[in-house]
>>> print(open('final04.cif').read())   # mmCIF, C-alpha atoms and all ligand atoms
data_work
#
loop_
_atom_site.label_atom_id
_atom_site.label_comp_id
_atom_site.auth_asym_id
_atom_site.auth_seq_id
_atom_site.Cartn_x
_atom_site.Cartn_y
_atom_site.Cartn_z
CA MET A 12 94.32 94.42 125.19
CA SER A 13 96.32 96.63 122.81
CA GLN A 14 95.06 94.97 119.63
CA PHE A 15 91.56 96.14 120.54
CA LYS A 16 92.73 99.75 120.02
CA LEU A 17 92.13 99.11 116.34
CA TYR A 18 88.45 98.56 117.03
CA THR A 19 85.41 100.43 118.20
CA ARG A 20 83.62 98.35 120.79
CA TYR A 21 79.85 98.45 120.82
CA THR A 22 77.90 96.98 123.67
CA ARG A 23 74.95 94.90 122.60
CA GLN A 24 72.64 97.80 123.53
CA GLU A 25 74.56 100.18 121.30
CA TRP A 26 74.91 97.72 118.43
CA GLN A 27 71.26 96.77 118.27
CA GLN A 28 70.16 100.31 117.43
CA PHE A 29 72.14 100.45 114.17
CA GLN A 30 69.85 100.31 111.22
CA TYR A 31 70.62 101.01 107.61
CA ASP A 32 68.09 102.77 105.46
CA GLY A 33 68.11 100.06 102.80
CA PRO A 34 66.37 96.79 102.00
CA GLU A 35 64.16 95.52 104.79
CA ILE A 36 65.50 92.81 107.07
CA ALA A 37 63.47 89.60 106.89
CA PRO A 38 60.37 89.92 109.09
CA VAL A 39 60.65 88.40 112.54
CA GLN A 40 57.88 85.92 111.69
CA GLN A 41 60.15 84.28 109.12
CA LEU A 42 63.09 84.37 111.48
CA SER A 43 61.22 82.28 114.01
CA ASP A 44 61.50 79.34 111.57
CA LEU A 45 65.21 79.86 111.52
CA VAL A 46 65.46 79.99 115.30
CA SER A 47 63.60 76.72 115.62
CA LEU A 48 66.29 75.14 113.46
CA HIS A 49 68.84 76.21 116.04
CA ASP A 50 66.76 75.66 119.12
CA ARG A 51 68.93 77.42 121.63
CA LEU A 52 69.73 80.44 119.51
CA SER A 53 67.67 83.23 120.98
CA GLN A 54 65.24 85.13 118.81
CA ARG A 55 66.59 88.23 120.52
CA ASP A 56 70.09 87.54 119.21
CA VAL A 57 68.76 87.36 115.71
CA ARG A 58 66.88 90.63 116.06
CA GLU A 59 69.40 92.58 118.10
CA VAL A 60 72.72 91.32 116.81
CA TYR A 61 72.29 89.66 113.43
CA ALA A 62 69.90 92.21 111.90
CA PRO A 63 72.44 95.08 112.21
CA LEU A 64 75.15 92.65 111.03
CA VAL A 65 73.15 91.84 107.90
CA HIS A 66 72.78 95.58 107.25
CA TYR A 67 76.50 96.04 107.77
CA VAL A 68 77.21 93.29 105.22
CA ASP A 69 74.91 95.06 102.78
CA ILE A 70 76.83 98.33 103.24
CA ALA A 71 80.10 96.47 102.61
CA ILE A 72 78.72 94.84 99.44
CA ARG A 73 77.42 98.14 98.07
CA SER A 74 80.72 99.89 98.85
CA ALA A 75 82.71 97.14 97.12
CA LYS A 76 80.48 97.40 94.05
CA LYS A 77 80.79 101.20 93.97
CA PHE A 78 84.57 101.00 94.26
CA GLN A 79 84.72 98.46 91.41
CA ASP A 80 82.49 100.65 89.20
CA THR A 81 84.66 103.69 89.94
CA LYS A 82 87.82 101.75 89.12
CA ASP A 83 86.27 100.55 85.85
CA GLN A 84 85.45 104.16 84.94
CA PHE A 85 88.99 105.22 85.83
CA PHE A 86 90.51 102.59 83.58
CA THR A 87 88.17 103.26 80.68
CA VAL A 88 90.13 104.97 77.90
CA TYR A 89 87.58 104.78 75.10
CA PRO A 90 84.02 105.52 76.26
CA GLU A 91 82.67 103.28 73.50
CA GLN A 92 84.64 100.41 75.05
CA PRO A 93 83.92 100.78 78.77
CA VAL A 94 85.88 98.56 81.11
CA GLN A 95 83.40 96.27 82.87
CA THR A 96 84.93 93.89 85.39
CA PRO A 97 82.58 90.92 85.80
CA ALA A 98 80.87 90.60 89.17
CA VAL A 99 82.58 88.13 91.51
CA PRO A 100 81.35 86.56 94.75
CA PHE A 101 81.55 88.79 97.81
CA VAL A 102 83.34 86.52 100.27
CA ILE A 103 82.75 86.63 104.02
CA GLY A 104 85.30 84.75 106.16
CA ILE A 105 84.34 83.51 109.62
CA SER A 106 86.93 82.22 112.07
CA GLY A 107 87.37 81.40 115.76
CA SER A 108 88.11 78.44 118.01
CA VAL A 109 86.88 74.90 117.53
CA ALA A 110 83.35 74.82 119.04
CA VAL A 111 83.00 78.58 119.52
CA GLY A 112 80.00 78.63 117.18
CA LYS A 113 81.46 79.49 113.77
CA SER A 114 79.25 77.17 111.78
CA THR A 115 76.15 78.22 113.72
CA THR A 116 77.01 81.88 113.06
CA ALA A 117 77.63 81.08 109.38
CA ARG A 118 74.32 79.22 109.06
CA VAL A 119 72.34 82.04 110.67
CA LEU A 120 74.02 84.70 108.54
CA HIS A 121 73.51 82.56 105.44
CA GLN A 122 69.81 82.13 106.14
CA LEU A 123 69.23 85.78 107.02
CA LEU A 124 71.08 87.08 103.97
CA LYS A 125 69.07 84.71 101.75
CA GLU A 126 65.76 85.78 103.25
CA THR A 127 66.56 89.48 103.32
CA TYR A 128 67.99 89.71 99.80
CA PRO A 129 66.12 87.07 97.78
CA ASN A 130 67.73 88.33 94.58
CA ARG A 131 71.20 87.51 95.83
CA LYS A 132 72.47 83.97 95.67
CA VAL A 133 74.10 83.13 98.99
CA GLU A 134 76.17 80.01 99.62
CA MET A 135 78.36 78.80 102.47
CA LEU A 136 81.07 76.24 103.09
CA THR A 137 83.40 75.08 105.82
CA THR A 138 87.11 74.57 105.25
CA ASP A 139 87.11 71.33 107.31
CA GLY A 140 87.10 69.36 104.03
CA PHE A 141 90.56 70.72 103.26
CA LEU A 142 91.99 68.78 106.21
CA TYR A 143 94.20 65.94 105.04
CA PRO A 144 92.33 62.61 105.34
CA ASN A 145 93.03 60.66 108.55
CA ALA A 146 95.13 58.11 106.63
CA VAL A 147 97.49 60.87 105.51
CA LEU A 148 97.56 62.49 108.96
CA GLU A 149 98.33 59.13 110.53
CA GLN A 150 101.12 58.41 108.06
CA GLN A 151 102.69 61.76 108.92
CA GLY A 152 102.19 61.44 112.66
CA LEU A 153 99.69 64.32 112.65
CA LEU A 154 96.50 62.67 113.96
CA LYS A 155 96.88 64.49 117.27
CA ARG A 156 97.48 67.72 115.37
CA LYS A 157 94.12 67.76 113.59
CA GLY A 158 93.08 71.37 113.15
CA PHE A 159 96.65 72.73 113.43
CA PRO A 160 97.98 74.56 110.35
CA GLU A 161 100.00 71.59 109.11
CA SER A 162 96.92 69.33 109.08
CA TYR A 163 95.29 71.30 106.24
CA ASP A 164 96.07 71.24 102.56
CA MET A 165 96.40 75.02 102.51
CA VAL A 166 97.69 75.09 98.93
CA ALA A 167 94.49 73.39 97.75
CA LEU A 168 92.39 75.78 99.84
CA VAL A 169 94.13 78.89 98.50
CA ASN A 170 93.83 77.58 94.93
CA PHE A 171 90.16 76.91 95.51
CA MET A 172 89.57 80.44 96.85
CA SER A 173 91.40 81.86 93.88
CA MET A 174 89.07 79.89 91.57
CA VAL A 175 86.05 81.21 93.48
CA LYS A 176 87.08 84.72 92.48
CA THR A 177 88.31 84.03 88.96
CA SER A 178 86.36 81.11 87.54
CA ARG A 179 82.97 81.42 85.87
CA GLU A 180 82.15 77.78 86.47
CA SER A 181 80.70 75.82 89.34
CA LEU A 182 83.42 74.48 91.62
CA ARG A 183 83.55 71.45 93.87
CA TYR A 184 85.25 71.26 97.23
CA PRO A 185 85.94 68.34 99.63
CA LEU A 186 83.60 67.61 102.54
CA TYR A 187 84.36 66.64 106.13
CA SER A 188 82.07 64.62 108.39
CA HIS A 189 82.15 64.74 112.18
CA GLU A 190 80.29 61.38 112.15
CA ILE A 191 83.20 59.56 110.54
CA TYR A 192 85.76 62.06 111.91
CA ASP A 193 87.34 62.21 108.48
CA VAL A 194 87.18 63.76 105.03
CA VAL A 195 84.34 62.08 103.12
CA PRO A 196 85.73 60.06 100.22
CA ASN A 197 84.30 60.90 96.79
CA GLU A 198 81.73 63.39 98.02
CA TYR A 199 81.92 67.06 97.26
CA GLY A 200 80.12 70.31 97.92
CA ILE A 201 79.46 72.74 95.07
CA VAL A 202 79.99 76.48 94.85
CA ASP A 203 77.99 77.70 91.90
CA GLN A 204 78.80 81.34 91.22
CA PRO A 205 77.06 82.86 94.26
CA ASP A 206 76.76 86.61 94.84
CA ILE A 207 77.81 86.04 98.45
CA LEU A 208 79.94 83.16 99.74
CA ILE A 209 80.45 82.55 103.46
CA VAL A 210 83.65 80.61 104.21
CA GLU A 211 83.95 79.32 107.77
CA GLY A 212 86.95 77.63 109.39
CA ILE A 213 89.50 77.81 112.20
CA ASN A 214 92.33 78.38 109.72
CA VAL A 215 91.00 81.05 107.41
CA PHE A 216 92.90 84.06 108.78
CA GLN A 217 96.18 82.19 109.16
CA LEU A 218 99.31 83.09 107.24
CA PRO A 219 101.06 79.85 106.29
CA GLN A 220 104.76 80.15 105.57
CA ASN A 221 106.16 79.94 102.05
CA GLN A 222 102.94 80.93 100.34
CA GLN A 223 102.42 83.95 98.17
CA LEU A 224 98.70 84.13 98.72
CA TYR A 225 96.64 83.61 101.86
CA VAL A 226 93.04 82.50 102.21
CA SER A 227 92.14 85.87 103.70
CA ASP A 228 93.37 87.67 100.56
CA PHE A 229 90.09 86.56 99.01
CA PHE A 230 87.86 87.87 101.80
CA ASP A 231 85.84 91.03 101.41
CA LEU A 232 84.69 90.95 105.02
CA SER A 233 86.03 88.93 107.92
CA ILE A 234 84.36 88.01 111.18
CA TYR A 235 85.96 86.42 114.26
CA VAL A 236 83.73 84.69 116.80
CA ASP A 237 85.28 85.18 120.22
CA ALA A 238 84.62 83.89 123.72
CA GLU A 239 86.47 83.04 126.92
CA SER A 240 88.19 79.68 126.57
CA ARG A 241 86.51 78.25 129.68
CA ASN A 242 83.15 78.82 127.96
CA ILE A 243 84.34 77.29 124.70
CA ARG A 244 85.54 74.25 126.60
CA LYS A 245 82.03 73.85 128.01
CA TRP A 246 80.47 74.18 124.55
CA TYR A 247 82.99 71.66 123.18
CA ARG A 248 81.92 69.23 125.84
CA GLU A 249 78.20 69.87 125.15
CA ARG A 250 78.76 69.27 121.45
CA PHE A 251 80.67 66.11 122.34
CA ASP A 252 77.54 65.00 124.25
CA LEU A 253 75.41 65.68 121.18
CA HIS A 254 77.78 63.63 119.02
CA MET A 255 77.54 60.77 121.52
CA ASP A 256 73.74 60.93 121.61
CA LEU A 257 73.69 60.68 117.82
CA ALA A 258 76.21 57.84 117.81
CA GLN A 259 74.60 55.71 120.51
CA ASN A 260 72.88 53.29 118.12
CA ASP A 261 75.15 53.71 115.13
CA PRO A 262 78.28 51.53 115.17
CA SER A 263 79.53 53.24 112.00
CA ASN A 264 79.77 56.55 113.87
CA TYR A 265 83.23 57.59 115.10
CA TYR A 266 81.78 58.40 118.53
CA TYR A 267 79.99 55.03 118.90
CA GLU A 268 82.59 53.34 121.06
CA ILE A 269 82.98 56.22 123.49
CA SER A 270 79.18 56.68 123.56
CA GLN A 271 78.91 53.17 125.11
CA GLN A 272 81.08 54.25 128.06
CA PRO A 273 79.75 56.01 131.18
CA ARG A 274 79.31 59.72 130.47
CA GLU A 275 81.88 60.62 133.09
CA GLU A 276 84.56 58.76 131.17
CA ALA A 277 83.46 60.32 127.91
CA HIS A 278 83.71 63.77 129.48
CA GLU A 279 87.21 63.02 130.69
CA TYR A 280 88.11 61.98 127.18
CA ALA A 281 86.56 65.18 125.74
CA ASP A 282 88.53 67.27 128.25
CA GLU A 283 91.72 65.46 127.33
CA ILE A 284 91.20 66.32 123.65
CA TRP A 285 90.29 69.87 124.53
CA TYR A 286 93.40 70.43 126.65
CA SER A 287 95.84 68.54 124.44
CA ILE A 288 94.64 69.61 120.97
CA ASN A 289 91.97 72.28 120.64
CA LEU A 290 93.03 74.67 123.41
CA PRO A 291 96.73 74.75 122.39
CA ASN A 292 95.59 75.28 118.78
CA LEU A 293 93.39 78.18 119.91
CA VAL A 294 96.13 79.82 121.94
CA GLN A 295 98.99 79.30 119.48
CA TYR A 296 97.36 79.62 116.09
CA ILE A 297 93.74 80.77 116.09
CA GLU A 298 93.46 83.59 118.63
CA PRO A 299 96.56 85.37 117.27
CA THR A 300 94.60 85.86 114.00
CA ARG A 301 91.73 87.63 115.75
CA SER A 302 93.02 91.12 115.03
CA ARG A 303 92.83 90.45 111.29
CA ALA A 304 89.06 90.44 111.50
CA ASP A 305 86.92 93.38 110.43
CA ILE A 306 84.34 92.41 113.03
CA ILE A 307 84.70 90.51 116.30
CA LEU A 308 81.53 89.03 117.79
CA HIS A 309 82.08 88.36 121.47
CA LYS A 310 79.90 85.70 123.08
CA ALA A 311 79.03 85.45 126.78
CA ASP A 312 78.67 82.20 128.68
CA ASN A 313 75.14 81.49 127.43
CA HIS A 314 76.12 81.94 123.74
CA ALA A 315 74.50 85.40 123.65
CA ILE A 316 76.61 87.99 121.87
CA ASP A 317 77.36 90.71 124.44
CA SER A 318 79.60 93.02 122.41
CA VAL A 319 80.64 93.69 118.84
CA TYR A 320 84.01 95.13 117.83
CA VAL A 321 84.27 96.87 114.49
CA ARG A 322 87.69 97.56 113.07
CA LYS A 323 88.34 101.26 112.57
CA TYR A 324 91.45 101.17 110.39
N1 LIG A 401 74.08 80.86 119.33
C1 LIG A 401 74.06 79.65 119.84
N2 LIG A 401 73.13 79.29 120.72
C2 LIG A 401 73.13 78.06 121.25
N3 LIG A 401 74.02 77.10 120.97
C3 LIG A 401 74.98 77.38 120.12
C4 LIG A 401 75.05 78.67 119.49
N4 LIG A 401 76.13 78.67 118.69
C5 LIG A 401 76.69 77.44 118.80
N5 LIG A 401 76.00 76.68 119.66
C6 LIG A 401 76.34 75.30 120.08
O1 LIG A 401 77.74 75.29 120.46
C7 LIG A 401 78.40 74.14 119.90
C8 LIG A 401 79.52 74.59 118.96
O2 LIG A 401 78.96 75.29 117.88
P1 LIG A 401 79.44 75.06 116.38
O3 LIG A 401 78.68 76.01 115.53
O4 LIG A 401 79.40 73.61 116.04
O5 LIG A 401 80.96 75.54 116.53
P2 LIG A 401 82.15 75.57 115.50
O6 LIG A 401 81.60 75.57 114.11
O7 LIG A 401 82.86 76.85 115.84
O8 LIG A 401 83.00 74.38 115.81
C9 LIG A 401 77.31 73.33 119.17
O9 LIG A 401 76.85 72.33 120.07
C10 LIG A 401 76.22 74.35 118.90
O10 LIG A 401 74.92 73.77 118.85
C1 LIG A 402 87.72 69.08 112.44
C2 LIG A 402 87.96 70.24 113.36
C3 LIG A 402 89.41 70.71 113.27
C4 LIG A 402 87.06 71.34 112.84
O1 LIG A 402 86.82 72.37 113.67
P1 LIG A 402 85.28 72.85 113.96
O2 LIG A 402 84.54 72.90 112.67
O3 LIG A 402 84.72 71.84 114.90
O4 LIG A 402 85.47 74.19 114.55
C5 LIG A 402 87.65 69.87 114.84
O5 LIG A 402 86.30 69.58 115.00
C6 LIG A 402 88.48 68.66 115.29
O6 LIG A 402 88.16 67.55 114.98
N1 LIG A 402 89.58 68.91 116.04
C7 LIG A 402 90.52 67.86 116.43
C8 LIG A 402 90.36 67.45 117.86
C9 LIG A 402 88.96 66.96 118.18
O7 LIG A 402 88.68 65.76 118.02
O8 LIG A 402 88.14 67.78 118.59
#
>>> encode(input="final04.cif", output="structure tokens", more="lines below")
Ligand SMILES: Nc1ncnc2c1ncn2[C@@H]1O[C@H](COP(=O)(O)OP(=O)(O)O)[C@@H](O)[C@H]1O
Ligand SMILES: CC(C)(COP(=O)(O)O)[C@@H](O)C(=O)NCCC(=O)O
Amino acid sequence: MSQFKLYTRYTRQEWQQFQYDGPEIAPVQQLSDLVSLHDRLSQRDVREVYAPLVHYVDIAIRSAKKFQDTKDQFFTVYPEQPVQTPAVPFVIGISGSVAVGKSTTARVLHQLLKETYPNRKVEMLTTDGFLYPNAVLEQQGLLKRKGFPESYDMVALVNFMSMVKTSRESLRYPLYSHEIYDVVPNEYGIVDQPDILIVEGINVFQLPQNQQLYVSDFFDLSIYVDAESRNIRKWYRERFDLHMDLAQNDPSNYYYEISQQPREEAHEYADEIWYSINLPNLVQYIEPTRSRADIILHKADNHAIDSVYVRKY
């Protein structure tokens, strides 16, 4: 594919040997706790793929800091009044299809960065909370377009990202719950001046029309999680199963009703949503943003990352 000409592709074997002569990566012993949180994530993935990725993030952070210091020196006219731009969060954007594993990737990276650099404050959020609430989507005939660009309040998201970079205060952002399949009323997450912020969402590399700023303008590093759509469909269905297991005895859960049906029917329903909503969204709006990423993590059918693309230019 021609867009891949912009990237150097590393096989997993090549990628795993990259080590940076800097702070130590968290010892494997500690990582095993992390892996048990995400039972099917292989310890090998953490060691072979995420450890070099954490080092790469560290290089990017140090380079950004050096560039800022050099710019400050450049703009200093009176040495007794040195320009000192305040430190701002280093923002990592993660995108990819619904159910490709963005939030799992974000959680693992979050945990590893926290453990490896205990002096850095690392936070993460998902942009799902910036979806319009179901009531609004319904009113506008957009319920079947959930996840498409028009279903997000992109202005609010861009304003929020701008505040992340410019404000010196803690900021709140809206939360989404898969259990109620809606934005959670009156509940918020907090971003409290982190050193590193991971922002994960299907829409974060998109360029909405009629806006002067894009979400990705605020990213210092961007990662796209990629996989063949037939695999993602399978993972979507598996996650659907998990949602149904959780909902089985909970009538307040969005998936309760479908969880009472035979699994075959539920799978048909999941497939219908996949083919009518999430796959078209992937093909039309998400995948075309892939080449904006600095790094593409490609996953094979068992979730293992088999190659890593790093943007050259
Ligand atoms: N590395 C992984 N190993 C095993 N399962 C994974 C991995 N990454 C994601 N999954 C599973 O795949 C499904 C989709 O992942 P999730 O992180 O929820 O995707 P997204 O945030 O992109 O929608 C979930 O059921 C999750 O448990
Ligand atoms: C809320 C979402 C757009 C978020 O994407 P995700 O975090 O799952 O990648 C998605 O989970 C979703 O609900 N899509 C609409 C179609 C569906 O019910 O799957």
>>> closest_residue(input="final04.cif", among="A:Arg118, A:Arg301, A:Arg322, A:Lys76", to="ligand LIG 401 (chain A)", atoms="all atoms listed in the file")
A:Arg118
>>> closest_atom_pairs(input="final04.cif", of="chain A", to="ligand LIG 402 (chain A)", cutoff="7 Å", atoms="all atoms listed in the file", output="tab-separated table")
residue	atom	partner	partner_atom	distance
A:Ser108	CA	A:LIG402	O4	6.1
A:Val109	CA	A:LIG402	O4	3.4
A:Ala110	CA	A:LIG402	O4	5.0
A:Lys113	CA	A:LIG402	O4	6.7
A:Ser114	CA	A:LIG402	O2	6.9
A:Asp139	CA	A:LIG402	C4	5.5
A:Lys157	CA	A:LIG402	C7	4.6
A:Gly158	CA	A:LIG402	C3	3.7
A:His189	CA	A:LIG402	O5	7.0
A:Tyr192	CA	A:LIG402	O6	6.7
A:Gly212	CA	A:LIG402	O2	6.2
A:Ile213	CA	A:LIG402	O4	5.9
A:Ile284	CA	A:LIG402	C9	5.9
A:Trp285	CA	A:LIG402	O8	6.7
A:Ile288	CA	A:LIG402	C8	5.7
A:Asn289	CA	A:LIG402	C8	5.8
>>> closest_residue(input="final04.cif", among="A:Arg131, A:His254, A:Arg156, A:His314", to="Tyr143 in chain A", atoms="all atoms listed in the file")
A:Arg156
>>> atom_distance(input="final04.cif", atom1="atom C4 of ligand LIG 401 (chain A)", atom2="CA of Tyr324 in chain A")
29.3 Å
>>> axis_aligned_box(input="final04.cif", around="ligand LIG 401 (chain A)", padding_each_side="3 Å", output="AutoDock Vina command-line options")
--center_x 78.1 --center_y 76.6 --center_z 117.7 --size_x 15.9 --size_y 14.5 --size_z 13.1
>>> closest_residue(input="final04.cif", among="A:Trp26, A:Tyr265, A:Phe86, A:Tyr61", to="ligand LIG 401 (chain A)", atoms="all atoms listed in the file")
A:Tyr61
>>> residues_near_ligand(input="final04.cif", ligand="ligand LIG 401 (chain A)", cutoff="10 Å", atoms="all atoms listed in the file", output="NGL selection string")
:A and (46 or 49-54 or 56-57 or 105-119 or 137 or 139 or 211-213 or 236-237 or 242-254 or 310 or 313-316)
>>> atom_distance(input="final04.cif", atom1="CA of Asp80 in chain A", atom2="CA of Lys132 in chain A")
20.5 Å
>>> residues_around(input="final04.cif", residues="Glu25 in chain A", least_positions_apart="3", cutoff="12 Å", atoms="only C-alpha atoms", output="ChimeraX atom specification")
/A:19-22,28-30,59-60,63,317-320
>>> closest_residue(input="final04.cif", among="A:Arg303, A:Ser287, A:Val99, A:Gly140", to="Gln204 in chain A", atoms="only C-alpha atoms")
A:Val99
>>> atom_distance(input="final04.cif", atom1="CA of Ser74 in chain A", atom2="CA of Asn170 in chain A")
26.2 Å
>>> residues_around(input="final04.cif", residues="Ile234 in chain A", least_positions_apart="4", cutoff="7 Å", atoms="only C-alpha atoms", output="list in words")
Gly104, Ile105, Ser106, Ala304, Asp305, Ile306 and Ile307 of chain A
>>> write_last_selection(input="final04.cif", atoms="C-alpha atoms", output="compact mmCIF listing (two decimals), in the coordinates of the input")
# COMPACT_ATOMS: atom_id res chain seq x y z
CA GLY A 104 85.30 84.75 106.16
CA ILE A 105 84.34 83.51 109.62
CA SER A 106 86.93 82.22 112.07
CA ALA A 304 89.06 90.44 111.50
CA ASP A 305 86.92 93.38 110.43
CA ILE A 306 84.34 92.41 113.03
CA ILE A 307 84.70 90.51 116.30
>>> closest_residue(input="final04.cif", among="A:Glu161, A:Glu126, A:Glu149, A:Asp203", to="Met174 in chain A", atoms="only C-alpha atoms")
A:Asp203
>>> build_atoms(input="final04.cif", residues="range 177-201 of chain A", atoms="N, CA and C atoms", output="short mmCIF file (atom, residue, chain, number, x, y, z; two decimals), keeping the file's coordinate frame")
data_model
loop_
_atom_site.label_atom_id
_atom_site.label_comp_id
_atom_site.auth_asym_id
_atom_site.auth_seq_id
_atom_site.Cartn_x
_atom_site.Cartn_y
_atom_site.Cartn_z
N THR A 177 87.95 83.85 90.36
CA THR A 177 88.31 84.03 88.96
C THR A 177 87.53 83.16 87.98
N SER A 178 86.99 82.04 88.47
CA SER A 178 86.36 81.11 87.54
C SER A 178 84.89 81.48 87.32
N ARG A 179 84.40 81.18 86.16
CA ARG A 179 82.97 81.42 85.87
C ARG A 179 82.20 80.11 85.86
N GLU A 180 82.80 79.09 86.46
CA GLU A 180 82.15 77.78 86.47
C GLU A 180 81.82 77.35 87.90
N SER A 181 80.96 76.32 87.99
CA SER A 181 80.70 75.82 89.34
C SER A 181 81.92 75.00 89.79
N LEU A 182 82.19 75.07 91.09
CA LEU A 182 83.42 74.48 91.62
C LEU A 182 83.08 73.48 92.70
N ARG A 183 83.83 72.40 92.79
CA ARG A 183 83.55 71.45 93.87
C ARG A 183 84.67 71.50 94.92
N TYR A 184 84.28 71.22 96.12
CA TYR A 184 85.25 71.26 97.23
C TYR A 184 85.01 70.04 98.13
N PRO A 185 86.06 69.56 98.81
CA PRO A 185 85.94 68.34 99.63
C PRO A 185 85.11 68.58 100.89
N LEU A 186 84.47 67.52 101.36
CA LEU A 186 83.60 67.61 102.54
C LEU A 186 84.19 66.83 103.71
N TYR A 187 83.92 67.32 104.90
CA TYR A 187 84.36 66.64 106.13
C TYR A 187 83.11 66.21 106.90
N SER A 188 83.20 65.06 107.57
CA SER A 188 82.07 64.62 108.39
C SER A 188 82.53 64.37 109.82
N HIS A 189 81.84 64.99 110.76
CA HIS A 189 82.15 64.74 112.18
C HIS A 189 81.74 63.32 112.56
N GLU A 190 80.77 62.74 111.83
CA GLU A 190 80.29 61.38 112.15
C GLU A 190 81.37 60.34 111.89
N ILE A 191 82.11 60.53 110.79
CA ILE A 191 83.20 59.56 110.54
C ILE A 191 84.55 60.13 110.98
N TYR A 192 84.55 61.39 111.42
CA TYR A 192 85.76 62.06 111.91
C TYR A 192 86.82 62.08 110.82
N ASP A 193 86.39 62.29 109.59
CA ASP A 193 87.34 62.21 108.48
C ASP A 193 86.77 62.97 107.27
N VAL A 194 87.62 63.21 106.30
CA VAL A 194 87.18 63.76 105.03
C VAL A 194 86.34 62.67 104.35
N VAL A 195 85.23 63.07 103.73
CA VAL A 195 84.34 62.08 103.12
C VAL A 195 84.88 61.71 101.74
N PRO A 196 85.17 60.42 101.53
CA PRO A 196 85.73 60.06 100.22
C PRO A 196 84.70 60.23 99.11
N ASN A 197 85.12 60.79 98.01
CA ASN A 197 84.30 60.90 96.79
C ASN A 197 82.99 61.66 96.95
N GLU A 198 82.93 62.54 97.92
CA GLU A 198 81.73 63.39 98.02
C GLU A 198 82.19 64.84 98.06
N TYR A 199 81.47 65.68 97.38
CA TYR A 199 81.92 67.06 97.26
C TYR A 199 80.76 68.02 97.46
N GLY A 200 81.07 69.22 97.92
CA GLY A 200 80.12 70.31 97.92
C GLY A 200 80.34 71.12 96.64
N ILE A 201 79.37 71.95 96.31
CA ILE A 201 79.46 72.74 95.07
C ILE A 201 79.30 74.21 95.39
#
